[in-house]
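Engineer: Sharing structure.tsv, TSV, C-alpha atoms:
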chain	number	residue	atom	x	y	z
A	77	MET	CA	13.95	36.01	-15.39
A	78	PRO	CA	17.42	37.33	-16.35
A	79	MET	CA	18.29	40.81	-15.15
A	80	PRO	CA	17.88	43.46	-17.87
A	81	ARG	CA	21.23	44.70	-19.18
A	82	THR	CA	20.81	48.25	-17.82
A	83	ARG	CA	19.90	47.01	-14.35
A	84	GLU	CA	22.81	44.55	-14.48
A	85	ASN	CA	25.24	47.36	-15.32
A	86	LEU	CA	23.86	49.52	-12.52
A	87	SER	CA	24.18	46.71	-9.98
A	88	LEU	CA	27.77	46.08	-11.10
A	89	ALA	CA	28.66	49.76	-10.74
A	90	PHE	CA	26.99	49.91	-7.35
A	91	GLY	CA	28.75	46.70	-6.30
A	92	LEU	CA	32.14	48.16	-7.18
A	93	TRP	CA	31.30	51.29	-5.20
A	94	PHE	CA	30.11	49.18	-2.23
A	95	HIS	CA	33.25	47.05	-2.15
A	96	PHE	CA	35.45	50.14	-2.40
A	97	TRP	CA	33.98	51.40	0.89
A	98	LEU	CA	33.74	47.91	2.40
A	99	VAL	CA	37.53	47.82	2.82
A	100	PRO	CA	38.06	50.95	4.98
A	101	ILE	CA	34.92	50.25	7.04
A	102	THR	CA	36.17	46.72	7.72
A	103	VAL	CA	39.67	47.97	8.58
A	104	ILE	CA	38.19	50.40	11.11
A	105	GLY	CA	35.80	47.81	12.56
A	106	GLY	CA	38.46	45.09	12.69
A	107	SER	CA	41.00	47.35	14.37
A	108	LEU	CA	38.50	48.48	17.01
A	109	THR	CA	37.40	44.88	17.61
A	110	ILE	CA	40.98	43.79	18.29
A	111	LEU	CA	41.61	46.79	20.55
A	112	PHE	CA	38.44	46.42	22.62
A	113	SER	CA	38.87	42.64	22.92
A	114	PHE	CA	41.93	43.37	25.09
A	115	LEU	CA	40.41	46.30	27.00
A	116	ASP	CA	36.91	44.97	27.70
A	117	ARG	CA	36.72	41.40	29.02
A	118	SER	CA	32.90	41.48	28.93
A	119	HIS	CA	33.09	41.83	25.12
A	120	ARG	CA	30.23	44.33	25.19
A	121	MET	CA	32.28	46.87	23.25
A	122	VAL	CA	33.32	44.19	20.77
A	123	HIS	CA	29.64	43.45	20.16
A	124	ARG	CA	28.89	47.15	19.72
A	125	VAL	CA	31.64	47.47	17.13
A	126	ALA	CA	30.37	44.37	15.30
A	127	ARG	CA	26.85	45.78	15.34
A	128	TRP	CA	28.12	49.11	13.99
A	129	TRP	CA	29.99	47.28	11.21
A	130	GLY	CA	26.85	45.37	10.19
A	131	GLN	CA	24.62	48.45	10.33
A	132	ALA	CA	27.14	50.56	8.41
A	133	LEU	CA	27.34	48.04	5.58
A	134	LEU	CA	23.56	47.65	5.36
A	135	HIS	CA	23.25	51.44	5.19
A	136	LEU	CA	26.01	51.60	2.59
A	137	GLY	CA	24.21	48.96	0.54
A	138	ARG	CA	20.92	50.86	0.84
A	139	ILE	CA	19.21	47.85	2.37
A	140	THR	CA	15.89	48.30	4.15
A	141	VAL	CA	15.24	45.68	6.82
A	142	GLN	CA	12.01	44.28	8.25
A	143	VAL	CA	12.59	42.40	11.52
A	144	GLU	CA	10.00	40.16	13.18
A	145	GLY	CA	10.11	37.96	16.27
A	146	LEU	CA	12.48	39.81	18.62
A	147	GLU	CA	9.89	39.25	21.36
A	148	HIS	CA	10.87	35.56	21.38
A	149	LEU	CA	14.31	36.36	22.81
A	150	VAL	CA	15.04	36.72	26.53
A	151	PRO	CA	17.79	39.25	27.43
A	152	GLY	CA	20.86	37.53	28.83
A	153	GLN	CA	19.88	34.05	27.61
A	154	THR	CA	22.45	32.03	25.68
A	155	TYR	CA	21.26	30.98	22.22
A	156	ILE	CA	22.43	29.14	19.14
A	157	TYR	CA	21.08	31.14	16.20
A	158	ALA	CA	20.47	28.98	13.11
A	159	ALA	CA	20.03	30.98	9.89
A	160	ASN	CA	19.70	30.15	6.22
A	161	HIS	CA	22.50	31.49	4.04
A	162	ARG	CA	22.27	33.04	0.56
A	163	SER	CA	24.56	36.10	0.64
A	164	ASN	CA	27.35	37.89	2.48
A	165	PHE	CA	24.63	40.32	3.56
A	166	ASP	CA	23.28	37.59	5.86
A	167	ILE	CA	26.28	38.22	8.12
A	168	PHE	CA	25.63	41.96	8.24
A	169	LEU	CA	21.96	41.34	9.06
A	170	LEU	CA	22.64	39.07	12.02
A	171	LEU	CA	25.27	41.39	13.48
A	172	ALA	CA	23.08	44.46	13.04
A	173	PHE	CA	19.86	43.13	14.56
A	174	LEU	CA	20.39	40.15	16.85
A	175	PRO	CA	20.63	41.35	20.47
A	176	GLY	CA	23.49	40.61	22.83
A	177	PRO	CA	27.03	39.41	22.13
A	178	PHE	CA	27.46	36.35	19.92
A	179	ALA	CA	30.05	34.86	17.59
A	180	PHE	CA	29.95	32.74	14.45
A	181	ILE	CA	31.04	29.27	13.50
A	182	ALA	CA	32.91	30.17	10.32
A	183	LYS	CA	35.02	28.50	7.66
A	184	GLU	CA	38.71	28.35	8.52
A	185	SER	CA	39.86	30.29	5.44
A	186	LEU	CA	38.27	33.50	6.79
A	187	PHE	CA	40.69	33.46	9.71
A	188	ARG	CA	43.62	33.76	7.30
A	189	ILE	CA	42.47	37.14	5.95
A	190	PRO	CA	44.81	39.86	7.31
A	191	LEU	CA	43.29	41.90	10.16
A	192	PHE	CA	39.78	40.53	9.54
A	193	GLY	CA	40.86	37.03	10.57
A	194	GLN	CA	42.43	38.32	13.78
A	195	ALA	CA	39.32	40.39	14.50
A	196	ILE	CA	36.90	37.47	14.20
A	197	HIS	CA	39.26	35.36	16.31
A	198	ARG	CA	39.25	38.02	19.05
A	199	MET	CA	35.46	38.21	18.69
A	200	GLY	CA	35.28	34.54	19.70
A	201	CYS	CA	34.36	33.01	16.36
A	202	VAL	CA	35.12	29.30	15.94
A	203	PRO	CA	36.98	28.16	12.79
A	204	VAL	CA	35.85	24.97	11.05
A	205	ASN	CA	37.91	23.12	8.44
A	206	ARG	CA	35.29	21.60	6.14
A	207	GLU	CA	37.88	19.47	4.36
A	208	ASN	CA	39.15	17.69	7.49
A	209	VAL	CA	36.52	15.72	9.39
A	210	GLN	CA	38.59	15.22	12.54
A	211	GLN	CA	39.49	18.90	12.78
A	212	ALA	CA	35.86	19.84	12.17
A	213	ILE	CA	34.75	17.56	15.02
A	214	ARG	CA	37.28	19.14	17.37
A	215	SER	CA	36.08	22.63	16.36
A	216	LEU	CA	32.44	21.73	16.99
A	217	ASN	CA	33.38	20.29	20.37
A	218	ARG	CA	35.05	23.61	21.23
A	219	ALA	CA	31.91	25.41	20.07
A	220	ALA	CA	29.73	23.21	22.30
A	221	ALA	CA	32.00	24.00	25.26
A	222	LYS	CA	31.70	27.74	24.57
A	223	VAL	CA	27.91	27.46	24.50
A	224	LYS	CA	27.90	25.55	27.80
A	225	GLN	CA	29.95	28.39	29.28
A	226	GLY	CA	27.31	30.92	28.21
A	227	ALA	CA	28.54	32.17	24.82
A	228	SER	CA	25.89	32.56	22.12
A	229	LEU	CA	26.81	31.39	18.62
A	230	ALA	CA	25.40	31.82	15.12
A	231	ILE	CA	25.46	28.93	12.66
A	232	TYR	CA	24.47	28.36	9.05
A	233	PRO	CA	23.19	24.77	9.11
A	234	GLU	CA	23.12	24.52	5.31
A	235	GLY	CA	26.92	24.64	5.56
A	236	THR	CA	27.52	27.17	2.77
A	237	ARG	CA	25.96	30.06	0.85
A	238	ALA	CA	23.37	28.33	-1.31
A	239	THR	CA	22.83	29.30	-4.94
A	240	THR	CA	19.29	27.88	-5.08
A	241	PRO	CA	16.17	29.58	-3.71
A	242	GLU	CA	15.15	26.48	-1.73
A	243	LEU	CA	16.70	25.50	1.58
A	244	LEU	CA	19.52	22.99	1.29
A	245	PRO	CA	19.63	19.86	3.48
A	246	PHE	CA	21.15	20.68	6.87
A	247	LYS	CA	24.54	19.42	8.06
A	248	LYS	CA	24.30	17.10	11.05
A	249	GLY	CA	27.52	18.23	12.75
A	250	VAL	CA	26.20	21.55	14.02
A	251	PHE	CA	23.21	19.79	15.58
A	252	ILE	CA	25.50	17.40	17.45
A	253	MET	CA	27.13	20.57	18.78
A	254	ALA	CA	23.72	22.05	19.64
A	255	MET	CA	22.68	18.91	21.53
A	256	ARG	CA	25.92	18.97	23.51
A	257	GLY	CA	25.69	22.70	24.15
A	258	GLY	CA	22.22	22.27	25.61
A	259	GLN	CA	21.06	25.83	24.92
A	260	PRO	CA	17.96	26.86	22.89
A	261	VAL	CA	18.30	26.92	19.11
A	262	VAL	CA	16.67	29.96	17.52
A	263	PRO	CA	15.72	29.68	13.83
A	264	VAL	CA	16.40	32.93	11.94
A	265	ALA	CA	14.85	33.07	8.46
A	266	LEU	CA	16.52	35.57	6.12
A	267	SER	CA	14.56	36.45	2.98
A	268	GLY	CA	15.58	38.72	0.12
A	269	THR	CA	19.36	38.65	0.48
A	270	ARG	CA	19.75	36.35	-2.52
A	271	PHE	CA	18.55	39.23	-4.68
A	272	ILE	CA	20.90	41.74	-3.01
A	273	GLN	CA	24.14	39.90	-3.70
A	274	PRO	CA	24.05	36.28	-4.85
A	275	ARG	CA	27.04	34.06	-4.27
A	276	GLY	CA	29.79	34.40	-6.86
A	277	THR	CA	29.25	38.02	-7.90
A	278	ILE	CA	30.36	41.45	-6.74
A	279	ARG	CA	27.13	42.99	-8.04
A	280	VAL	CA	25.02	44.57	-5.31
A	281	ARG	CA	21.37	45.43	-5.83
A	282	PRO	CA	19.78	47.63	-3.13
A	283	GLY	CA	16.40	46.52	-1.86
A	284	PRO	CA	14.35	45.22	1.07
A	285	VAL	CA	15.13	42.14	3.15
A	286	LYS	CA	13.22	40.41	5.93
A	287	MET	CA	14.50	38.68	9.06
A	288	VAL	CA	12.06	36.49	11.01
A	289	ILE	CA	13.20	35.18	14.40
A	290	GLY	CA	11.31	32.03	15.33
A	291	PRO	CA	10.50	30.75	18.82
A	292	PRO	CA	13.45	28.99	20.54
A	293	ILE	CA	13.67	25.24	20.11
A	294	PHE	CA	14.98	23.34	23.15
A	295	PRO	CA	17.35	20.42	22.43
A	296	GLN	CA	16.32	18.70	25.67
A	297	LYS	CA	12.96	17.87	24.08
A	298	TYR	CA	14.60	15.64	21.48
A	299	ARG	CA	16.35	12.32	21.87
A	300	ARG	CA	18.20	12.40	18.54
A	301	LYS	CA	20.00	15.11	16.59
A	302	GLU	CA	17.91	14.28	13.52
A	303	GLU	CA	14.75	15.23	15.41
A	304	LEU	CA	16.21	18.57	16.48
A	305	MET	CA	17.46	19.19	12.93
A	306	ALA	CA	14.01	18.46	11.50
A	307	ALA	CA	12.34	20.85	13.96
A	308	VAL	CA	14.72	23.68	13.08
A	309	TYR	CA	14.34	22.99	9.36
A	310	GLN	CA	10.55	23.07	9.58
A	311	SER	CA	10.60	26.36	11.49
A	312	LEU	CA	12.98	27.99	9.02
A	313	ALA	CA	11.04	26.69	6.03
A	314	ALA	CA	7.82	28.14	7.46
A	315	ASP	CA	9.27	31.65	7.81
A	316	TYR	CA	11.65	31.77	4.84
A	317	ASP	CA	10.22	33.32	1.68
A	318	PRO	CA	12.55	32.58	-1.27
A	319	ASP	CA	10.59	34.98	-3.50
A	320	PHE	CA	10.63	37.98	-1.14
A	321	PRO	CA	10.14	40.80	-2.06
A	322	TYR	CA	9.18	40.22	-5.71
A	323	GLY	CA	6.76	37.30	-5.43
A	324	PRO	CA	6.68	34.09	-7.51
A	325	GLY	CA	8.12	34.61	-10.95
A	326	GLY	CA	9.63	37.96	-9.97
A	327	SER	CA	13.07	39.20	-10.95
A	328	ASP	CA	15.90	36.97	-9.74
A	329	GLY	CA	18.47	39.76	-10.21
Before we go any further, please render this structure as structure tokens.
Structural biologist:
Amino acid sequence: MPMPRTRENLSLAFGLWFHFWLVPITVIGGSLTILFSFLDRSHRMVHRVARWWGQALLHLGRITVQVEGLEHLVPGQTYIYAANHRSNFDIFLLLAFLPGPFAFIAKESLFRIPLFGQAIHRMGCVPVNRENVQQAIRSLNRAAAKVKQGASLAIYPEGTRATTPELLPFKKGVFIMAMRGGQPVVPVALSGTRFIQPRGTIRVRPGPVKMVIGPPIFPQKYRRKEELMAAVYQSLAADYDPDFPYGPGGSDG
């Protein structure tokens, strides 16, 4: 169902307001991230700044969040978080609510953004060049090494922000990395963000979202990456609700 014209105009106005404030909040967060990355080798302060950035942007966007499944996570354990991806707000959600320090596997172009790119580099994020297979393999090998050394990572196994409600097929490369890293993969189902800010628009529509953290999946139980990939896909599909919060046939804003 297309968004009514009045609601569309309101979401555009709110989106412009949101992005106006996004810039100074990101400048502050990025600057503090760079500073604390040099002062605090444990990266605890970096994680606190990243969490503040995510929480601040969710608050700015007037997003209410329902979180389930935190009891599945063990403090201090290294994880590979695997989340579906429909919106920039997915990033804010993970930073705001996942416990403990972690970094992202992110597209290389983000690292070229002034200040922000340096901040995510100092945060420990791993750049991936999707257009160059050999470079992508080297990046995923670096990611696997970081995981082996005890660094948690967040991945989007669909490979991009999807424009369809349904889950996209997963990319195999990140599961090769997960098998090599040897740490538990935690499915994180994000529902509702596709209504908040779909890909390709600056419109922002306040509303509720839901994050469901599934039980960890251990790569050691699987002989092939395809088996691990299928297990993560099934877990995400079980907890992801593409129609949340409006129900089938609801507004697709």
Engineer: Which residues of segment 170-272 of chain A come within 6 Å of segment 286-297 of chain A, and for each one, what is the closest pair of atoms and their distance in Å to one decimal, counting all atoms listed in the file, sorted by chain and residue number, as a Markdown table?
Structural biologist:
| residue | atom | partner | partner_atom | distance |
| --- | --- | --- | --- | --- |
| A:Met255 | CA | A:Pro295 | CA | 5.6 |
| A:Pro260 | CA | A:Phe294 | CA | 4.6 |
| A:Val261 | CA | A:Ile293 | CA | 5.0 |
| A:Val262 | CA | A:Pro292 | CA | 4.5 |
| A:Pro263 | CA | A:Gly290 | CA | 5.2 |
| A:Val264 | CA | A:Ile289 | CA | 4.6 |
| A:Ala265 | CA | A:Val288 | CA | 5.1 |
| A:Leu266 | CA | A:Met287 | CA | 4.7 |
| A:Ser267 | CA | A:Lys286 | CA | 5.1 |
Engineer: Quick one: write out the picked residues with C-alpha atoms as an mmCIF file, in the coordinates of the input?
Structural biologist:
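Result file is out23.cif:
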data_model
loop_
_atom_site.group_PDB
_atom_site.id
_atom_site.type_symbol
_atom_site.label_atom_id
_atom_site.label_comp_id
_atom_site.auth_asym_id
_atom_site.auth_seq_id
_atom_site.Cartn_x
_atom_site.Cartn_y
_atom_site.Cartn_z
ATOM 1 C CA MET A 255 22.680 18.910 21.530
ATOM 2 C CA PRO A 260 17.960 26.860 22.890
ATOM 3 C CA VAL A 261 18.300 26.920 19.110
ATOM 4 C CA VAL A 262 16.670 29.960 17.520
ATOM 5 C CA PRO A 263 15.720 29.680 13.830
ATOM 6 C CA VAL A 264 16.400 32.930 11.940
ATOM 7 C CA ALA A 265 14.850 33.070 8.460
ATOM 8 C CA LEU A 266 16.520 35.570 6.120
ATOM 9 C CA SER A 267 14.560 36.450 2.980
#
Engineer: Check the smallest atom-to-atom distance from each of A:Arg214, A:Arg127, A:Lys222, A:Lys301 to Tyr155 of chain A using all atoms listed in the file, then report the winner.
Structural biologist: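 For Tyr155 of chain A, the nearest of the candidates is A:Lys222.
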Engineer: Arg270 of chain A: which residues within 8 Å, counting only C-alpha atoms, same-chain residues fewer than 5 positions away excluded, as a PyMOL selection string?
Structural biologist: chain A and resi 162-163+241+275
Engineer: Counting all atoms listed in the file, give me one row per residue of segment 197-286 of chain A with an atom at most 9 Å from an atom of segment 83-104 of chain A, showing the shortest contact pair and its distance in Å to one decimal, sorted by chain then residue number, as CSV.
Structural biologist:
residue,atom,partner,partner_atom,distance
A:Gln273,CA,A:Gly91,CA,8.6
A:Thr277,CA,A:Leu88,CA,8.8
A:Ile278,CA,A:Gly91,CA,5.5
A:Arg279,CA,A:Leu88,CA,4.4
A:Val280,CA,A:Gly91,CA,4.4
A:Arg281,CA,A:Ser87,CA,5.2
A:Pro282,CA,A:Ser87,CA,8.2
Engineer: Quick one: of A:Phe192, A:Phe168, A:Phe271, A:Trp128, who's nearest to Asp319 of chain A, counting only C-alpha atoms?
Structural biologist: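 Among the listed residues, A:Phe271 lies closest to Asp319 of chain A.
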Engineer: With only C-alpha atoms counted and 9 Å as the cut-off, give the residues of segment 168-267 of chain A in contact with segment 141-150 of chain A, each with its shortest interatomic distance in Å and the pair that gives it, as a tab-separated table.
Structural biologist:
residue	atom	partner	partner_atom	distance
A:Leu169	CA	A:Val141	CA	8.3
A:Phe173	CA	A:Val143	CA	7.9
A:Leu174	CA	A:Leu146	CA	8.1
A:Pro175	CA	A:Leu149	CA	8.4
A:Val262	CA	A:Leu149	CA	8.6
Engineer: Around the point (30.6, 37.6, 25.1), in the coordinates given by the file, pick out the residues reaching within 9 Å, counting all atoms listed in the file, and return them as a list in words.
Structural biologist: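 Using all atoms listed in the file, the matching residues come out as Arg117, Ser118, His119, Arg120, Val122, His123, Gly176, Pro177, Phe178, Ala179, Met199, Gly200, Gly226, Ala227 and Ser228 of chain A.
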Engineer: Could you please determine the separation between atom CA of Phe187 of chain A and atom CA of Val202 of chain A in Å, to one decimal place?
Structural biologist: 9.3 Å
Engineer: When you draw a straight line from atom CA of His197 of chain A to atom CA of Pro274 of chain A, how long is it in Å?
Structural biologist: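 These atoms are spaced 26.1 Å apart.
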Engineer: Find the residues of segment 212-247 of chain A that sit at most 12 Å from segment 203-207 of chain A; for each, write down the nearest two atoms and how far apart they are in Å, to one decimal. Count only C-alpha atoms. Sort by chain, then by number going up, and give it as a tab-separated table.
Structural biologist:
residue	atom	partner	partner_atom	distance
A:Ala212	CA	A:Val204	CA	5.3
A:Ile213	CA	A:Val204	CA	8.5
A:Arg214	CA	A:Val204	CA	8.7
A:Ser215	CA	A:Val204	CA	5.8
A:Leu216	CA	A:Val204	CA	7.6
A:Asn217	CA	A:Val204	CA	10.7
A:Arg218	CA	A:Pro203	CA	9.8
A:Ala219	CA	A:Pro203	CA	9.3
A:Ile231	CA	A:Val204	CA	11.2
A:Gly235	CA	A:Arg206	CA	8.9
A:Thr236	CA	A:Arg206	CA	10.1
A:Lys247	CA	A:Arg206	CA	11.1
Engineer: Measure the distance from atom CA of Leu191 of chain A to atom CA of Gly106 of chain A in Å and round it to one decimal.
Structural biologist: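 Between atom CA of Leu191 of chain A and atom CA of Gly106 of chain A the gap is 6.3 Å.
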Engineer: Could you tell me, as a list in words, which residues have any atom at most 7 Å from (16.5, 41.9, -1.8), counting only C-alpha atoms?
Structural biologist: Gly268, Thr269, Arg270, Phe271, Ile272, Pro282, Gly283, Pro284, Val285 and Pro321 of chain A
Engineer: Need the shell around Arg300 of chain A: protein/DNA/RNA residues with any atom at most 12 Å away, counting only C-alpha atoms. Skip same-chain ones fewer than 3 positions apart. Format as number ranges by chain?
Structural biologist: A: 248, 251-252, 254-256, 295-297, 303-307
Engineer: Those residues with C-alpha atoms, as a PDB file, in the frame of the given file please?
Structural biologist:
ATOM      1  CA  LYS A 248      24.300  17.100  11.050  1.00  0.00           C
ATOM      2  CA  PHE A 251      23.210  19.790  15.580  1.00  0.00           C
ATOM      3  CA  ILE A 252      25.500  17.400  17.450  1.00  0.00           C
ATOM      4  CA  ALA A 254      23.720  22.050  19.640  1.00  0.00           C
ATOM      5  CA  MET A 255      22.680  18.910  21.530  1.00  0.00           C
ATOM      6  CA  ARG A 256      25.920  18.970  23.510  1.00  0.00           C
ATOM      7  CA  PRO A 295      17.350  20.420  22.430  1.00  0.00           C
ATOM      8  CA  GLN A 296      16.320  18.700  25.670  1.00  0.00           C
ATOM      9  CA  LYS A 297      12.960  17.870  24.080  1.00  0.00           C
ATOM     10  CA  GLU A 303      14.750  15.230  15.410  1.00  0.00           C
ATOM     11  CA  LEU A 304      16.210  18.570  16.480  1.00  0.00           C
ATOM     12  CA  MET A 305      17.460  19.190  12.930  1.00  0.00           C
ATOM     13  CA  ALA A 306      14.010  18.460  11.500  1.00  0.00           C
ATOM     14  CA  ALA A 307      12.340  20.850  13.960  1.00  0.00           C
TER      15      ALA A 307
END
Engineer: With 4 Å added on each side, what axis-aligned box encloses every listed atom of segment 127-140 of chain A? Give the centre and edge lengths in Å to one decimal, as lines of an AutoDock Vina configuration file.
Structural biologist:
center_x = 22.9
center_y = 48.5
center_z = 7.9
size_x = 22.1
size_y = 14.2
size_z = 22.8
Engineer: Tell me which protein, DNA and RNA residues are within 8 Å of segment 223-225 of chain A, counting all atoms listed in the file, leaving out same-chain ones fewer than 5 positions away, and put them as a list in words.
Structural biologist: Thr154, Tyr155, Ile156, Gly257, Gly258 and Gln259 of chain A
